[in-house]
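Heads up: the structure comes next, in structure tokens.
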Amino acid sequence: METRNFKYFDLIMAAFVTVLLCSNLIGVAKVAEVGGFKFGTGNLFFPLSYLFGDILTEVYGYARSRRVVWAGFGALIFASVMSAVVLAFPPAATWGGQAALESVFGSTFRIVGASIFAYFVGEFANSYVLAKLKVRTNGRFLWMRTIGSTMVGEAVDTLVFYPLAFYGGGMSTDDLLAIMGANYCIKVGWEILATPLTYRIVNGLKKAEGVDHYDRGTNFTPFSLET
């Protein structure tokens, strides 16, 4: 693929990684209930990462989006390792914030591992479906491609994360299924509501960057950093 310097690619990548880290570190294990509706609070913001992923794939192509997914994967691993190391050090006798720090960043290895794995497979599923649909529709029906790819990617993410993170860990099967269903609806709902914004950003970026990539002949293996 031709090497090019883009004006906004790095900024979108930074936004993607920021949303990914914050949504996975802040409130990932907290279950909220509003009017009998239970949902994971971290998922209020996590769908934004899929929005950025859609924009990256639609404008810059699967290969460049793949590099961003790997960047997010590395950032999640580093954040998890850093959290574990910081919490493992014994606190000074004069510092009383250990319990508070553990309540925020003390997710179990099971939750962290499930989150990282679910993100990896979900994001690649999202990018793959979007890229394939763009070629199949010849670039038409952006709304169908972004919503359809998110439905697939978020389904993979939800089906992988919650059973791996919580099944058999004290949460009832009914609660687990209810939370999975609610979170999936929240994630897809975000994508649907954001569709007008997605159109504006995608069209603006294509014009500003002078690119509208189609993944014809692309190597879709996730295990590559080539662009």
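By order in the structure tokens, chains are A, B, ...; within a chain, residues start at 1; ligands start at 1, following the order shown.
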Quiz item: Which residues, written as JSON, numbers by chain, have at least one atom at most 10 Å from range 8-21 of chain A, with only C-alpha atoms counted and residues fewer than 2 positions away on the same chain left out?
Solution: {"A": [5, 6, 23, 24, 25, 26, 45, 46, 47, 48, 49, 50, 51, 52, 53, 55, 56, 59, 60, 64, 65, 67, 68, 69, 71, 72, 73, 74, 75, 76, 77, 79, 80, 119, 205, 208, 209]}
Self-check item: Distance query range 153-170 of chain A at most 6 Å, only C-alpha atoms, self and fewer than 5 positions along chain excluded, as a ChimeraX atom specification
Solution: /A:110-111,114-115,118,122,125-126
Written selection (C-alpha atoms) as a PDB file, in the first residue's frame:
```
ATOM      1  CA  ARG A 110      -9.896 -12.822  34.763  1.00  0.00           C
ATOM      2  CA  ILE A 111     -11.743  -9.582  33.976  1.00  0.00           C
ATOM      3  CA  ALA A 114     -11.476 -11.288  29.146  1.00  0.00           C
ATOM      4  CA  SER A 115     -11.614  -7.585  28.302  1.00  0.00           C
ATOM      5  CA  ALA A 118     -12.942  -9.629  23.686  1.00  0.00           C
ATOM      6  CA  GLY A 122     -14.580  -7.805  18.462  1.00  0.00           C
ATOM      7  CA  ALA A 125     -14.688  -8.567  13.399  1.00  0.00           C
ATOM      8  CA  ASN A 126     -16.078  -5.022  13.166  1.00  0.00           C
TER       9      ASN A 126
END
```
Exercise. List every residue of range 1-221 of chain A that DSSP, applied to the backbone of this structure, assigns to strand (DSSP E), and report them as a list in words.
Key: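 Of range 1-221 of chain A, only Val31, Ala32, Glu33, Val34, Phe37, Lys38, Phe39 and Gly40 of chain A fall in strand (DSSP E).
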Quiz item: Can you list every residue in range 28-146 of chain A that DSSP puts in helix (DSSP H, G or I), as a ChimeraX atom specification?
Solution: /A:41-44,47-60,62-88,98-105,109-136,142-146
Quiz prompt | Shell around Cys185 in chain A at 12 Å using only C-alpha atoms, local window under 5 positions removed, as a ChimeraX atom specification | solution = /A:37-40,43-44,47,150-151,154-155,158,178-180,190-193
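Here the question is which of A:Ala84, A:Arg140, A:Glu226, A:Ala63 gets nearest to Phe109 in chain A using only C-alpha atoms, and that residue is A:Ala84.
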Quiz item: Suppose you want the space between CA of Ile201 in chain A and CA of Lys7 in chain A; what is it in Å?
Solution: 13.7 Å
Quiz item: Taking into account only C-alpha atoms, which residue in the set A:Thr221, A:Thr57, A:Thr198, A:Thr108 is nearest to Leu133 in chain A?
Solution: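 When distances to Leu133 in chain A are compared using only C-alpha atoms, the smallest one comes from A:Thr57.
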